[in-house]
>>> print(open('start.cif').read())   # mmCIF, C-alpha atoms and all ligand atoms
data_work
#
loop_
_atom_site.label_atom_id
_atom_site.label_comp_id
_atom_site.auth_asym_id
_atom_site.auth_seq_id
_atom_site.Cartn_x
_atom_site.Cartn_y
_atom_site.Cartn_z
CA MET A 1 198.15 78.40 108.89
CA GLU A 2 196.38 76.70 105.94
CA SER A 3 193.37 78.68 104.71
CA HIS A 4 190.00 77.00 104.57
CA ARG A 5 189.01 76.59 100.94
CA ASP A 6 185.70 75.22 99.64
CA VAL A 7 187.00 75.49 96.09
CA LEU A 8 190.63 75.22 95.00
CA ILE A 9 191.54 77.56 92.16
CA THR A 10 194.20 76.89 89.58
CA GLU A 11 195.35 80.12 87.94
CA VAL A 12 196.12 79.38 84.29
CA ALA A 13 197.15 82.77 82.83
CA LEU A 14 200.82 81.77 82.78
CA ARG A 15 199.92 78.73 80.62
CA ASP A 16 196.59 79.25 78.81
CA GLY A 17 197.46 82.96 78.49
CA SER A 18 200.57 81.98 76.58
CA HIS A 19 198.30 81.37 73.54
CA ALA A 20 196.95 84.92 73.76
CA ILE A 21 200.40 86.52 73.67
CA ARG A 22 201.92 84.18 71.08
CA HIS A 23 203.97 82.38 73.75
CA GLN A 24 206.08 85.48 74.41
CA PHE A 25 206.28 85.38 78.22
CA THR A 26 209.53 86.63 79.72
CA VAL A 27 211.09 85.44 82.98
CA ASP A 28 210.44 88.87 84.54
CA GLN A 29 206.74 88.74 83.66
CA VAL A 30 206.34 85.20 85.00
CA VAL A 31 208.18 86.06 88.21
CA ALA A 32 206.07 89.16 88.82
CA VAL A 33 202.77 87.36 88.19
CA ALA A 34 203.66 84.19 90.12
CA LYS A 35 204.95 86.18 93.11
CA GLY A 36 201.81 88.31 93.18
CA LEU A 37 199.49 85.30 92.88
CA ASP A 38 201.35 83.53 95.67
CA GLU A 39 201.03 86.59 97.91
CA ALA A 40 197.30 86.65 97.12
CA ASN A 41 197.21 83.01 98.37
CA VAL A 42 196.30 81.35 95.06
CA PRO A 43 196.88 77.62 95.69
CA TYR A 44 197.94 76.47 92.20
CA ILE A 45 199.67 78.40 89.41
CA GLU A 46 200.09 76.70 86.03
CA VAL A 47 203.18 77.57 84.00
CA SER A 48 204.01 76.03 80.58
CA HIS A 49 203.79 76.75 76.88
CA GLY A 50 200.10 77.19 75.95
CA ASP A 51 200.07 73.68 74.50
CA GLY A 52 201.88 72.29 77.50
CA LEU A 53 205.40 70.96 77.99
CA GLY A 54 207.22 70.62 74.68
CA GLY A 55 204.66 72.83 72.92
CA SER A 56 207.22 75.29 71.60
CA SER A 57 207.36 74.37 67.88
CA LEU A 58 206.51 75.75 64.45
CA GLN A 59 203.18 73.87 64.58
CA TYR A 60 202.02 75.36 67.90
CA GLY A 61 204.11 78.54 68.11
CA LEU A 62 207.67 79.05 69.28
CA SER A 63 208.14 80.31 72.85
CA LEU A 64 210.25 83.38 73.47
CA THR A 65 211.68 81.79 76.63
CA ASN A 66 212.37 78.13 77.31
CA GLU A 67 209.44 77.01 79.47
CA MET A 68 211.74 75.16 81.88
CA GLU A 69 213.31 78.52 82.71
CA LEU A 70 209.84 79.93 83.33
CA ILE A 71 208.84 76.98 85.54
CA GLU A 72 212.07 77.23 87.54
CA ALA A 73 211.68 80.99 87.95
CA ALA A 74 208.06 80.69 89.11
CA ALA A 75 208.89 77.85 91.51
CA SER A 76 211.73 79.88 93.01
CA VAL A 77 209.52 82.83 94.00
CA VAL A 78 206.42 81.12 95.41
CA LYS A 79 206.23 80.36 99.12
CA ASN A 80 202.95 78.45 99.38
CA ALA A 81 201.47 78.10 95.91
CA LYS A 82 202.14 74.92 93.97
CA ILE A 83 203.38 75.22 90.42
CA ALA A 84 201.41 73.11 87.95
CA VAL A 85 202.43 72.05 84.46
CA LEU A 86 200.29 70.84 81.57
CA LEU A 87 201.34 67.89 79.42
CA LEU A 88 199.62 66.58 76.31
CA PRO A 89 200.89 63.06 75.56
CA GLY A 90 202.27 63.21 72.01
CA ILE A 91 203.47 66.80 72.47
CA GLY A 92 205.19 66.67 75.87
CA THR A 93 207.41 63.78 76.85
CA MET A 94 208.16 61.87 80.05
CA PRO A 95 211.70 63.36 80.31
CA GLU A 96 210.15 66.83 80.15
CA LEU A 97 207.76 65.96 82.96
CA LYS A 98 210.69 64.69 85.05
CA GLU A 99 212.62 67.89 84.35
CA ALA A 100 209.65 70.07 85.32
CA ALA A 101 209.29 68.13 88.59
CA SER A 102 213.00 68.52 89.32
CA LEU A 103 212.62 72.28 88.83
CA GLY A 104 209.84 72.53 91.39
CA ALA A 105 206.54 71.62 89.69
CA LYS A 106 204.18 70.01 92.19
CA MET A 107 201.16 69.27 90.02
CA ALA A 108 200.90 67.63 86.60
CA ARG A 109 197.82 68.03 84.44
CA ILE A 110 197.71 65.36 81.75
CA ALA A 111 195.49 66.52 78.91
CA THR A 112 193.88 64.43 76.19
CA HIS A 113 191.07 64.90 73.72
CA VAL A 114 187.82 63.97 75.45
CA THR A 115 187.60 60.58 73.73
CA GLU A 116 191.29 59.67 74.06
CA ALA A 117 191.98 59.18 77.75
CA ASP A 118 193.65 55.87 76.88
CA VAL A 119 196.78 57.70 75.71
CA SER A 120 197.40 58.96 79.25
CA PRO A 121 198.13 56.00 81.60
CA GLN A 122 201.92 56.15 81.36
CA HIS A 123 202.00 59.90 81.92
CA ILE A 124 199.56 59.73 84.83
CA SER A 125 201.59 56.89 86.41
CA LEU A 126 204.85 58.77 85.98
CA ALA A 127 203.37 61.92 87.52
CA LYS A 128 202.25 59.87 90.53
CA GLU A 129 205.67 58.18 90.81
CA LEU A 130 207.26 61.64 90.83
CA GLY A 131 205.03 62.51 93.79
CA LEU A 132 203.04 65.08 91.83
CA GLU A 133 199.39 65.81 92.42
CA THR A 134 197.90 64.50 89.18
CA VAL A 135 194.99 65.76 87.14
CA GLY A 136 193.35 64.24 84.08
CA PHE A 137 192.24 67.03 81.76
CA LEU A 138 189.56 66.04 79.21
CA MET A 139 189.70 68.67 76.48
CA MET A 140 186.93 69.64 74.03
CA SER A 141 184.37 68.15 76.42
CA HIS A 142 181.50 69.59 74.36
CA MET A 143 182.28 67.02 71.65
CA ALA A 144 181.25 63.99 73.72
CA PRO A 145 177.94 63.14 75.40
CA THR A 146 177.99 62.77 79.17
CA ALA A 147 178.11 58.95 79.08
CA LYS A 148 181.27 59.02 76.96
CA LEU A 149 182.85 61.68 79.16
CA VAL A 150 182.13 59.58 82.25
CA GLU A 151 183.68 56.50 80.61
CA GLN A 152 186.84 58.46 79.79
CA ALA A 153 187.04 60.09 83.23
CA LYS A 154 186.77 56.65 84.85
CA LEU A 155 189.75 55.53 82.78
CA MET A 156 191.80 58.45 84.11
CA GLU A 157 190.66 57.64 87.64
CA SER A 158 191.73 54.01 87.13
CA TYR A 159 195.19 55.18 85.97
CA GLY A 160 195.62 57.01 89.29
CA ALA A 161 194.52 60.61 88.66
CA ASP A 162 193.57 62.53 91.80
CA THR A 163 191.21 64.82 89.89
CA VAL A 164 189.50 64.81 86.51
CA TYR A 165 188.56 68.03 84.74
CA VAL A 166 185.78 68.78 82.30
CA VAL A 167 187.52 71.16 79.91
CA ASP A 168 185.41 73.45 77.76
CA SER A 169 188.28 74.18 75.36
CA ALA A 170 186.06 75.89 72.80
CA GLY A 171 183.91 77.81 75.28
CA ALA A 172 180.98 76.07 73.56
CA LEU A 173 179.13 74.51 76.48
CA LEU A 174 175.87 75.94 77.84
CA PRO A 175 175.19 75.90 81.59
CA TYR A 176 172.76 72.97 81.45
CA GLN A 177 175.34 70.94 79.55
CA VAL A 178 177.99 71.74 82.14
CA LYS A 179 175.63 70.68 84.93
CA GLU A 180 174.83 67.41 83.20
CA ARG A 181 178.53 66.60 82.69
CA ILE A 182 179.68 67.51 86.20
CA ARG A 183 176.75 65.63 87.76
CA GLY A 184 177.63 62.57 85.65
CA LEU A 185 181.23 62.66 86.85
CA LYS A 186 180.32 63.32 90.48
CA ASP A 187 177.98 60.32 90.46
CA ALA A 188 180.52 57.99 88.84
CA LEU A 189 183.88 58.97 90.38
CA THR A 190 185.34 59.00 93.87
CA ILE A 191 188.03 61.59 93.00
CA ASN A 192 187.77 65.39 92.67
CA VAL A 193 185.97 66.86 89.69
CA GLY A 194 187.26 70.07 88.12
CA PHE A 195 186.06 72.51 85.48
CA HIS A 196 187.96 74.73 83.02
CA ALA A 197 185.95 77.30 81.05
CA HIS A 198 186.51 79.62 78.10
CA ASN A 199 184.50 82.80 77.73
CA ASN A 200 183.82 82.79 73.98
CA LEU A 201 180.03 82.80 74.50
CA SER A 202 180.29 85.01 77.61
CA LEU A 203 179.35 81.96 79.69
CA ALA A 204 182.59 81.22 81.53
CA MET A 205 181.31 82.59 84.86
CA ALA A 206 177.82 81.10 84.53
CA ASN A 207 179.26 77.74 83.53
CA THR A 208 181.77 77.82 86.39
CA LEU A 209 179.03 78.56 88.91
CA ALA A 210 176.94 75.75 87.40
CA ALA A 211 179.90 73.38 87.82
CA ILE A 212 180.40 74.42 91.45
CA GLU A 213 176.67 73.98 92.14
CA GLU A 214 176.97 70.39 90.91
CA GLY A 215 179.91 69.68 93.20
CA SER A 216 183.01 70.67 91.28
CA THR A 217 185.70 71.73 93.78
CA ARG A 218 188.64 72.34 91.43
CA ILE A 219 188.22 75.36 89.21
CA ASP A 220 190.43 77.16 86.69
CA GLY A 221 190.56 80.88 86.13
CA SER A 222 192.80 83.34 84.33
CA ILE A 223 193.52 86.70 85.84
CA ARG A 224 192.37 89.59 83.62
CA CYS A 225 190.99 86.82 81.36
CA LEU A 226 194.51 86.13 80.03
CA GLY A 227 193.73 82.89 78.21
CA ALA A 228 193.12 81.54 74.72
CA GLY A 229 190.13 82.80 72.71
CA ALA A 230 188.15 85.22 74.88
CA GLY A 231 190.07 83.95 77.91
CA ASN A 232 188.91 81.82 80.82
CA THR A 233 186.77 82.60 83.84
CA GLN A 234 188.32 85.84 85.09
CA THR A 235 189.93 84.81 88.38
CA GLU A 236 189.66 88.07 90.31
CA VAL A 237 185.99 88.33 89.37
CA LEU A 238 185.39 84.68 90.23
CA VAL A 239 186.87 84.97 93.72
CA SER A 240 184.75 88.07 94.34
CA VAL A 241 181.56 86.34 93.16
CA LEU A 242 182.33 83.21 95.19
CA ASP A 243 182.97 85.36 98.25
CA LYS A 244 179.53 86.94 97.83
CA LEU A 245 178.07 83.42 97.63
CA GLY A 246 179.83 82.46 100.88
CA ILE A 247 182.14 80.03 99.04
CA GLN A 248 185.68 80.24 100.42
CA THR A 249 188.65 80.26 98.04
CA GLY A 250 191.17 81.61 100.58
CA ILE A 251 192.30 84.17 97.97
CA ASP A 252 192.79 87.87 98.73
CA ILE A 253 190.42 89.80 96.46
CA TYR A 254 192.14 93.22 96.64
CA LYS A 255 195.53 91.70 95.88
CA MET A 256 194.08 89.87 92.87
CA MET A 257 192.53 93.10 91.58
CA ASP A 258 195.86 94.90 91.94
CA ILE A 259 197.86 92.20 90.14
CA ALA A 260 195.27 92.17 87.34
CA GLU A 261 195.43 95.93 86.92
CA ASN A 262 199.12 96.63 87.50
CA ILE A 263 200.97 93.52 86.37
CA VAL A 264 198.80 91.48 84.00
CA ALA A 265 196.98 94.21 82.02
CA PRO A 266 200.29 95.59 80.67
CA ILE A 267 201.24 92.09 79.44
CA LEU A 268 198.13 91.77 77.28
CA GLU A 269 198.71 92.69 73.64
CA LYS A 270 195.14 93.99 73.56
CA PRO A 271 192.37 94.00 76.16
CA GLN A 272 190.55 90.66 76.35
CA GLU A 273 187.13 91.01 74.84
CA ILE A 274 184.70 88.84 72.94
CA THR A 275 185.55 89.69 69.36
CA LYS A 276 183.68 88.35 66.34
CA ASP A 277 186.31 85.63 66.02
CA SER A 278 186.27 84.50 69.63
CA LEU A 279 182.47 84.46 69.52
CA VAL A 280 182.65 82.19 66.46
CA LEU A 281 185.00 79.83 68.34
CA GLY A 282 182.29 79.22 70.92
CA TYR A 283 179.46 79.22 68.38
CA ALA A 284 181.18 76.70 66.09
CA GLY A 285 182.86 74.69 68.87
CA VAL A 286 186.45 75.30 67.78
CA TYR A 287 189.48 74.97 70.04
CA SER A 288 190.18 78.42 71.60
CA SER A 289 193.89 78.26 70.87
CA PHE A 290 193.13 78.22 67.12
CA LEU A 291 192.15 81.91 67.27
CA LEU A 292 195.46 83.59 66.43
CA HIS A 293 196.41 80.86 63.93
CA ALA A 294 193.09 81.39 62.09
CA GLN A 295 193.56 85.16 62.09
CA ARG A 296 197.01 84.77 60.55
CA ALA A 297 195.65 82.36 57.91
CA SER A 298 192.85 84.84 57.17
CA GLU A 299 195.38 87.59 56.39
CA ARG A 300 197.57 85.27 54.36
CA PHE A 301 194.79 83.84 52.15
CA GLY A 302 192.40 86.81 52.11
CA ILE A 303 189.55 84.75 53.64
CA ASP A 304 187.18 85.90 56.41
CA SER A 305 188.51 84.32 59.63
CA ARG A 306 184.93 83.45 60.58
CA ASP A 307 184.54 81.32 57.46
CA ILE A 308 187.76 79.47 58.35
CA LEU A 309 186.58 78.85 61.92
CA ILE A 310 183.07 77.75 60.89
CA GLU A 311 184.56 75.28 58.41
CA LEU A 312 186.96 73.94 61.08
CA GLY A 313 183.96 73.46 63.38
CA LYS A 314 182.08 71.52 60.66
CA ARG A 315 185.09 69.25 60.25
CA ASN A 316 185.25 68.57 64.01
CA VAL A 317 188.89 69.56 64.08
CA VAL A 318 190.58 68.97 67.45
CA GLY A 319 193.72 70.12 69.25
CA GLY A 320 196.84 68.92 67.44
CA GLN A 321 195.30 69.58 64.02
CA GLU A 322 196.57 73.16 63.76
CA ASP A 323 197.93 72.35 60.29
CA MET A 324 194.29 72.01 59.13
CA ILE A 325 193.83 75.75 59.63
CA LEU A 326 196.10 76.49 56.69
CA ASP A 327 194.60 73.64 54.62
CA VAL A 328 191.07 74.96 55.17
CA ALA A 329 192.07 78.57 54.43
CA ALA A 330 193.83 77.48 51.23
CA GLU A 331 190.81 75.40 50.14
CA LEU A 332 188.43 78.29 50.77
CA ALA A 333 190.72 80.65 48.84
CA ASN A 334 190.85 78.25 45.88
CA ALA A 335 187.09 77.90 45.86
CA LYS A 336 186.58 81.70 45.64
C1 LIG B 401 196.27 72.73 75.18
C2 LIG B 401 195.02 73.50 75.54
O1 LIG B 401 195.22 74.86 75.36
C3 LIG B 401 194.53 73.11 76.91
C4 LIG B 401 193.39 73.97 77.35
O2 LIG B 401 193.57 74.89 78.13
C5 LIG B 401 192.06 73.74 76.79
O3 LIG B 401 191.85 72.74 76.09
O4 LIG B 401 191.19 74.60 77.05
MN MN B 402 192.03 76.40 78.03
#
>>> encode(input="start.cif", output="structure tokens", more="lines below")
Ligand SMILES: C[C@H](O)CC(=O)C(=O)O
Ligand SMILES: [Mn+2]
Amino acid sequence: MESHRDVLITEVALRDGSHAIRHQFTVDQVVAVAKGLDEANVPYIEVSHGDGLGGSSLQYGLSLTNEMELIEAAASVVKNAKIAVLLLPGIGTMPELKEAASLGAKMARIATHVTEADVSPQHISLAKELGLETVGFLMMSHMAPTAKLVEQAKLMESYGADTVYVVDSAGALLPYQVKERIRGLKDALTINVGFHAHNNLSLAMANTLAAIEEGSTRIDGSIRCLGAGAGNTQTEVLVSVLDKLGIQTGIDIYKMMDIAENIVAPILEKPQEITKDSLVLGYAGVYSSFLLHAQRASERFGIDSRDILIELGKRNVVGGQEDMILDVAAELANAK
């Protein structure tokens, strides 16, 4: 029997968490996590390279395992959960989306920078043609005022998306800003509104609750906080908090705690915490997935990683401009 769910959770550790472990997921790890999440009755499980389909590259980081193998493996072990994939037009291609669907993906999340929804119509249409549940994912949502965000979300709705997400890629939004954005979308759209948080300012839970209060019914979390930067809203904590609030997710809390402790914690290269660098991501409004790249550039050029991140924030650098991390570090080193 289908569980009643007030809020539908998408677990993103097997995609956003890929950034945190340098895209080194193995098939065994993905199978163990996906199987556990399915048994805990998580409705959606996202599996891809951290930067989505086709992300494995020198620019974004090479994957240990071909993501299609990971998607196929996850799809083969889940009984009820739907496997989701992320696709950034310009990184992932239509053939890759078709391949992911043929391997068992049931949801496509088409991600663009918050002001660039107009690069997504073909990908959203294809996802719909393939029979996939389709989400528009507006990244770096802190960089646009609510009116702009609403305009862009309406474009995605007009292309056929079933849901549009406000994505706080940098973990830079404050609760009142989340409320304003979700309320704007709820007032203007007829489709579902989702929210994806990062915990760089320790606000992922507060922001997620603010989003739900304003009517967001699609929410992302990462178990054990396995996501870019300081991670996302910690899923097992979120389902416990929502349960206390009387908000049904249909997810088994004990099972989630056990998977977090026994399966996911050993995958983490180090425990997820808010380090000085992840704090600066949120403070400066820098894309969470830049964290490890900036730390590597810091070692290579002998520059404080915080200075690199602050400078990237001043330059309003967005996803896809990872090459700027090296440029900025080199410039700062030359200026020393
Ligand atoms: C490609 C990004 O990692 C997508 C995402 O999770 C975000 O913007 O946040
Ligand atoms: Mn993210």
>>> atom_distance(input="start.cif", atom1="CA of Phe25 (chain A)", atom2="CA of Ala329 (chain A)")
28.5 Å
>>> closest_atom_pairs(input="start.cif", of="chain A", to="ligand MN 402 (chain B)", cutoff="12 Å", atoms="only C-alpha atoms and all ligand atoms", output="CSV")
residue,atom,partner,partner_atom,distance
A:Thr10,CA,B:MN402,MN,11.8
A:Glu11,CA,B:MN402,MN,11.1
A:Val12,CA,B:MN402,MN,8.0
A:Ala13,CA,B:MN402,MN,9.5
A:Leu14,CA,B:MN402,MN,11.3
A:Arg15,CA,B:MN402,MN,8.6
A:Asp16,CA,B:MN402,MN,5.4
A:Gly17,CA,B:MN402,MN,8.5
A:Ser18,CA,B:MN402,MN,10.3
A:His19,CA,B:MN402,MN,9.2
A:Ala20,CA,B:MN402,MN,10.7
A:Glu46,CA,B:MN402,MN,11.4
A:His49,CA,B:MN402,MN,11.8
A:Gly50,CA,B:MN402,MN,8.4
A:Asp51,CA,B:MN402,MN,9.2
A:Gly52,CA,B:MN402,MN,10.7
A:Leu86,CA,B:MN402,MN,10.6
A:Ala111,CA,B:MN402,MN,10.5
A:Phe137,CA,B:MN402,MN,10.1
A:Leu138,CA,B:MN402,MN,10.7
A:Met139,CA,B:MN402,MN,8.2
A:Met140,CA,B:MN402,MN,9.4
A:Ser141,CA,B:MN402,MN,11.4
A:Tyr165,CA,B:MN402,MN,11.3
A:Val166,CA,B:MN402,MN,10.7
A:Val167,CA,B:MN402,MN,7.2
A:Asp168,CA,B:MN402,MN,7.3
A:Ser169,CA,B:MN402,MN,5.1
A:Ala170,CA,B:MN402,MN,8.0
A:Gly171,CA,B:MN402,MN,8.7
A:Ala172,CA,B:MN402,MN,11.9
A:Phe195,CA,B:MN402,MN,10.3
A:His196,CA,B:MN402,MN,6.7
A:Ala197,CA,B:MN402,MN,6.8
A:His198,CA,B:MN402,MN,6.4
A:Asn199,CA,B:MN402,MN,9.9
A:Asn200,CA,B:MN402,MN,11.2
A:Ala204,CA,B:MN402,MN,11.2
A:Ile219,CA,B:MN402,MN,11.9
A:Asp220,CA,B:MN402,MN,8.8
A:Gly221,CA,B:MN402,MN,9.4
A:Ser222,CA,B:MN402,MN,9.4
A:Cys225,CA,B:MN402,MN,11.0
A:Leu226,CA,B:MN402,MN,10.2
A:Gly227,CA,B:MN402,MN,6.7
A:Ala228,CA,B:MN402,MN,6.2
A:Gly229,CA,B:MN402,MN,8.5
A:Ala230,CA,B:MN402,MN,10.1
A:Gly231,CA,B:MN402,MN,7.8
A:Asn232,CA,B:MN402,MN,6.8
A:Thr233,CA,B:MN402,MN,10.0
A:Val286,CA,B:MN402,MN,11.7
A:Tyr287,CA,B:MN402,MN,8.5
A:Ser288,CA,B:MN402,MN,7.0
A:Ser289,CA,B:MN402,MN,7.6
A:Phe290,CA,B:MN402,MN,11.1
A:Gly319,CA,B:MN402,MN,10.9
>>> write_last_selection(input="start.cif", atoms="C-alpha atoms", output="PDB file, keeping the file's coordinate frame")
ATOM      1  CA  THR A  10     194.200  76.890  89.580  1.00  0.00           C
ATOM      2  CA  GLU A  11     195.350  80.120  87.940  1.00  0.00           C
ATOM      3  CA  VAL A  12     196.120  79.380  84.290  1.00  0.00           C
ATOM      4  CA  ALA A  13     197.150  82.770  82.830  1.00  0.00           C
ATOM      5  CA  LEU A  14     200.820  81.770  82.780  1.00  0.00           C
ATOM      6  CA  ARG A  15     199.920  78.730  80.620  1.00  0.00           C
ATOM      7  CA  ASP A  16     196.590  79.250  78.810  1.00  0.00           C
ATOM      8  CA  GLY A  17     197.460  82.960  78.490  1.00  0.00           C
ATOM      9  CA  SER A  18     200.570  81.980  76.580  1.00  0.00           C
ATOM     10  CA  HIS A  19     198.300  81.370  73.540  1.00  0.00           C
ATOM     11  CA  ALA A  20     196.950  84.920  73.760  1.00  0.00           C
ATOM     12  CA  GLU A  46     200.090  76.700  86.030  1.00  0.00           C
ATOM     13  CA  HIS A  49     203.790  76.750  76.880  1.00  0.00           C
ATOM     14  CA  GLY A  50     200.100  77.190  75.950  1.00  0.00           C
ATOM     15  CA  ASP A  51     200.070  73.680  74.500  1.00  0.00           C
ATOM     16  CA  GLY A  52     201.880  72.290  77.500  1.00  0.00           C
ATOM     17  CA  LEU A  86     200.290  70.840  81.570  1.00  0.00           C
ATOM     18  CA  ALA A 111     195.490  66.520  78.910  1.00  0.00           C
ATOM     19  CA  PHE A 137     192.240  67.030  81.760  1.00  0.00           C
ATOM     20  CA  LEU A 138     189.560  66.040  79.210  1.00  0.00           C
ATOM     21  CA  MET A 139     189.700  68.670  76.480  1.00  0.00           C
ATOM     22  CA  MET A 140     186.930  69.640  74.030  1.00  0.00           C
ATOM     23  CA  SER A 141     184.370  68.150  76.420  1.00  0.00           C
ATOM     24  CA  TYR A 165     188.560  68.030  84.740  1.00  0.00           C
ATOM     25  CA  VAL A 166     185.780  68.780  82.300  1.00  0.00           C
ATOM     26  CA  VAL A 167     187.520  71.160  79.910  1.00  0.00           C
ATOM     27  CA  ASP A 168     185.410  73.450  77.760  1.00  0.00           C
ATOM     28  CA  SER A 169     188.280  74.180  75.360  1.00  0.00           C
ATOM     29  CA  ALA A 170     186.060  75.890  72.800  1.00  0.00           C
ATOM     30  CA  GLY A 171     183.910  77.810  75.280  1.00  0.00           C
ATOM     31  CA  ALA A 172     180.980  76.070  73.560  1.00  0.00           C
ATOM     32  CA  PHE A 195     186.060  72.510  85.480  1.00  0.00           C
ATOM     33  CA  HIS A 196     187.960  74.730  83.020  1.00  0.00           C
ATOM     34  CA  ALA A 197     185.950  77.300  81.050  1.00  0.00           C
ATOM     35  CA  HIS A 198     186.510  79.620  78.100  1.00  0.00           C
ATOM     36  CA  ASN A 199     184.500  82.800  77.730  1.00  0.00           C
ATOM     37  CA  ASN A 200     183.820  82.790  73.980  1.00  0.00           C
ATOM     38  CA  ALA A 204     182.590  81.220  81.530  1.00  0.00           C
ATOM     39  CA  ILE A 219     188.220  75.360  89.210  1.00  0.00           C
ATOM     40  CA  ASP A 220     190.430  77.160  86.690  1.00  0.00           C
ATOM     41  CA  GLY A 221     190.560  80.880  86.130  1.00  0.00           C
ATOM     42  CA  SER A 222     192.800  83.340  84.330  1.00  0.00           C
ATOM     43  CA  CYS A 225     190.990  86.820  81.360  1.00  0.00           C
ATOM     44  CA  LEU A 226     194.510  86.130  80.030  1.00  0.00           C
ATOM     45  CA  GLY A 227     193.730  82.890  78.210  1.00  0.00           C
ATOM     46  CA  ALA A 228     193.120  81.540  74.720  1.00  0.00           C
ATOM     47  CA  GLY A 229     190.130  82.800  72.710  1.00  0.00           C
ATOM     48  CA  ALA A 230     188.150  85.220  74.880  1.00  0.00           C
ATOM     49  CA  GLY A 231     190.070  83.950  77.910  1.00  0.00           C
ATOM     50  CA  ASN A 232     188.910  81.820  80.820  1.00  0.00           C
ATOM     51  CA  THR A 233     186.770  82.600  83.840  1.00  0.00           C
ATOM     52  CA  VAL A 286     186.450  75.300  67.780  1.00  0.00           C
ATOM     53  CA  TYR A 287     189.480  74.970  70.040  1.00  0.00           C
ATOM     54  CA  SER A 288     190.180  78.420  71.600  1.00  0.00           C
ATOM     55  CA  SER A 289     193.890  78.260  70.870  1.00  0.00           C
ATOM     56  CA  PHE A 290     193.130  78.220  67.120  1.00  0.00           C
ATOM     57  CA  GLY A 319     193.720  70.120  69.250  1.00  0.00           C
TER      58      GLY A 319
END
>>> atom_distance(input="start.cif", atom1="CA of Leu292 (chain A)", atom2="CA of Asp277 (chain A)")
9.4 Å
>>> residues_around(input="start.cif", residues="Val42 (chain A)", least_positions_apart="6", cutoff="9 Å", atoms="only C-alpha atoms", output="PDB file with C-alpha atoms, in the frame of the given file")
ATOM      1  CA  LEU A   8     190.630  75.220  95.000  1.00  0.00           C
ATOM      2  CA  ILE A   9     191.540  77.560  92.160  1.00  0.00           C
ATOM      3  CA  THR A  10     194.200  76.890  89.580  1.00  0.00           C
ATOM      4  CA  GLU A  11     195.350  80.120  87.940  1.00  0.00           C
ATOM      5  CA  ASN A  80     202.950  78.450  99.380  1.00  0.00           C
ATOM      6  CA  ALA A  81     201.470  78.100  95.910  1.00  0.00           C
ATOM      7  CA  LYS A  82     202.140  74.920  93.970  1.00  0.00           C
ATOM      8  CA  THR A 249     188.650  80.260  98.040  1.00  0.00           C
ATOM      9  CA  GLY A 250     191.170  81.610 100.580  1.00  0.00           C
ATOM     10  CA  ILE A 251     192.300  84.170  97.970  1.00  0.00           C
ATOM     11  CA  ASP A 252     192.790  87.870  98.730  1.00  0.00           C
TER      12      ASP A 252
END
>>> closest_residue(input="start.cif", among="A:Asp243, A:Asp118, A:Asp162, A:Glu322", to="ligand LIG 401 (chain B)", atoms="only C-alpha atoms and all ligand atoms")
A:Glu322
>>> residues_around(input="start.cif", residues="Lys276 (chain A)", least_positions_apart="6", cutoff="12 Å", atoms="all atoms listed in the file", output="JSON, numbers by chain")
{"A": [200, 201, 229, 230, 282, 283, 284, 291, 295, 304, 305, 306, 307, 309, 310]}
>>> axis_aligned_box(input="start.cif", around="region 226-230 of chain A", padding_each_side="6 Å", output="AutoDock Vina command-line options")
--center_x 191.3 --center_y 83.8 --center_z 76.4 --size_x 18.4 --size_y 16.6 --size_z 19.3
>>> residues_near_point(input="start.cif", point="(203.9, 74.1, 65.4)", cutoff="12 Å", atoms="all atoms listed in the file", output="PyMOL selection string")
chain A and resi 22-23+49-51+54-63+91+290+293+319-326
>>> atom_distance(input="start.cif", atom1="CA of Met94 (chain A)", atom2="CA of Val318 (chain A)")
22.8 Å
>>> closest_residue(input="start.cif", among="A:Asn192, A:Thr217, A:Ser48, A:Thr146", to="ligand LIG 401 (chain B)", atoms="all atoms listed in the file")
A:Ser48
>>> residues_around(input="start.cif", residues="region 67-78 of chain A", least_positions_apart="5", cutoff="7 Å", atoms="all atoms listed in the file", output="ChimeraX atom specification")
/A:27,30-31,34-35,38,47-49,83,100,103-105
>>> closest_residue(input="start.cif", among="A:Leu64, A:Leu281, A:Gln24, A:Lys106", to="ligand LIG 401 (chain B)", atoms="all atoms listed in the file")
A:Leu281
>>> closest_residue(input="start.cif", among="A:Arg5, A:His142, A:Lys128, A:Lys314", to="ligand LIG 401 (chain B)", atoms="all atoms listed in the file")
A:His142
>>> residues_near_point(input="start.cif", point="(206.0, 61.8, 88.1)", cutoff="12 Å", atoms="only C-alpha atoms", output="ChimeraX atom specification")
/A:85,87,93-102,104-110,121-135,160-161
>>> closest_residue(input="start.cif", among="A:Ile191, A:Asp327, A:Ile223, A:Pro145", to="Ile267 (chain A)", atoms="only C-alpha atoms")
A:Ile223
>>> closest_residue(input="start.cif", among="A:Val264, A:Leu88, A:Leu174, A:Ile308", to="ligand LIG 401 (chain B)", atoms="all atoms listed in the file")
A:Leu88
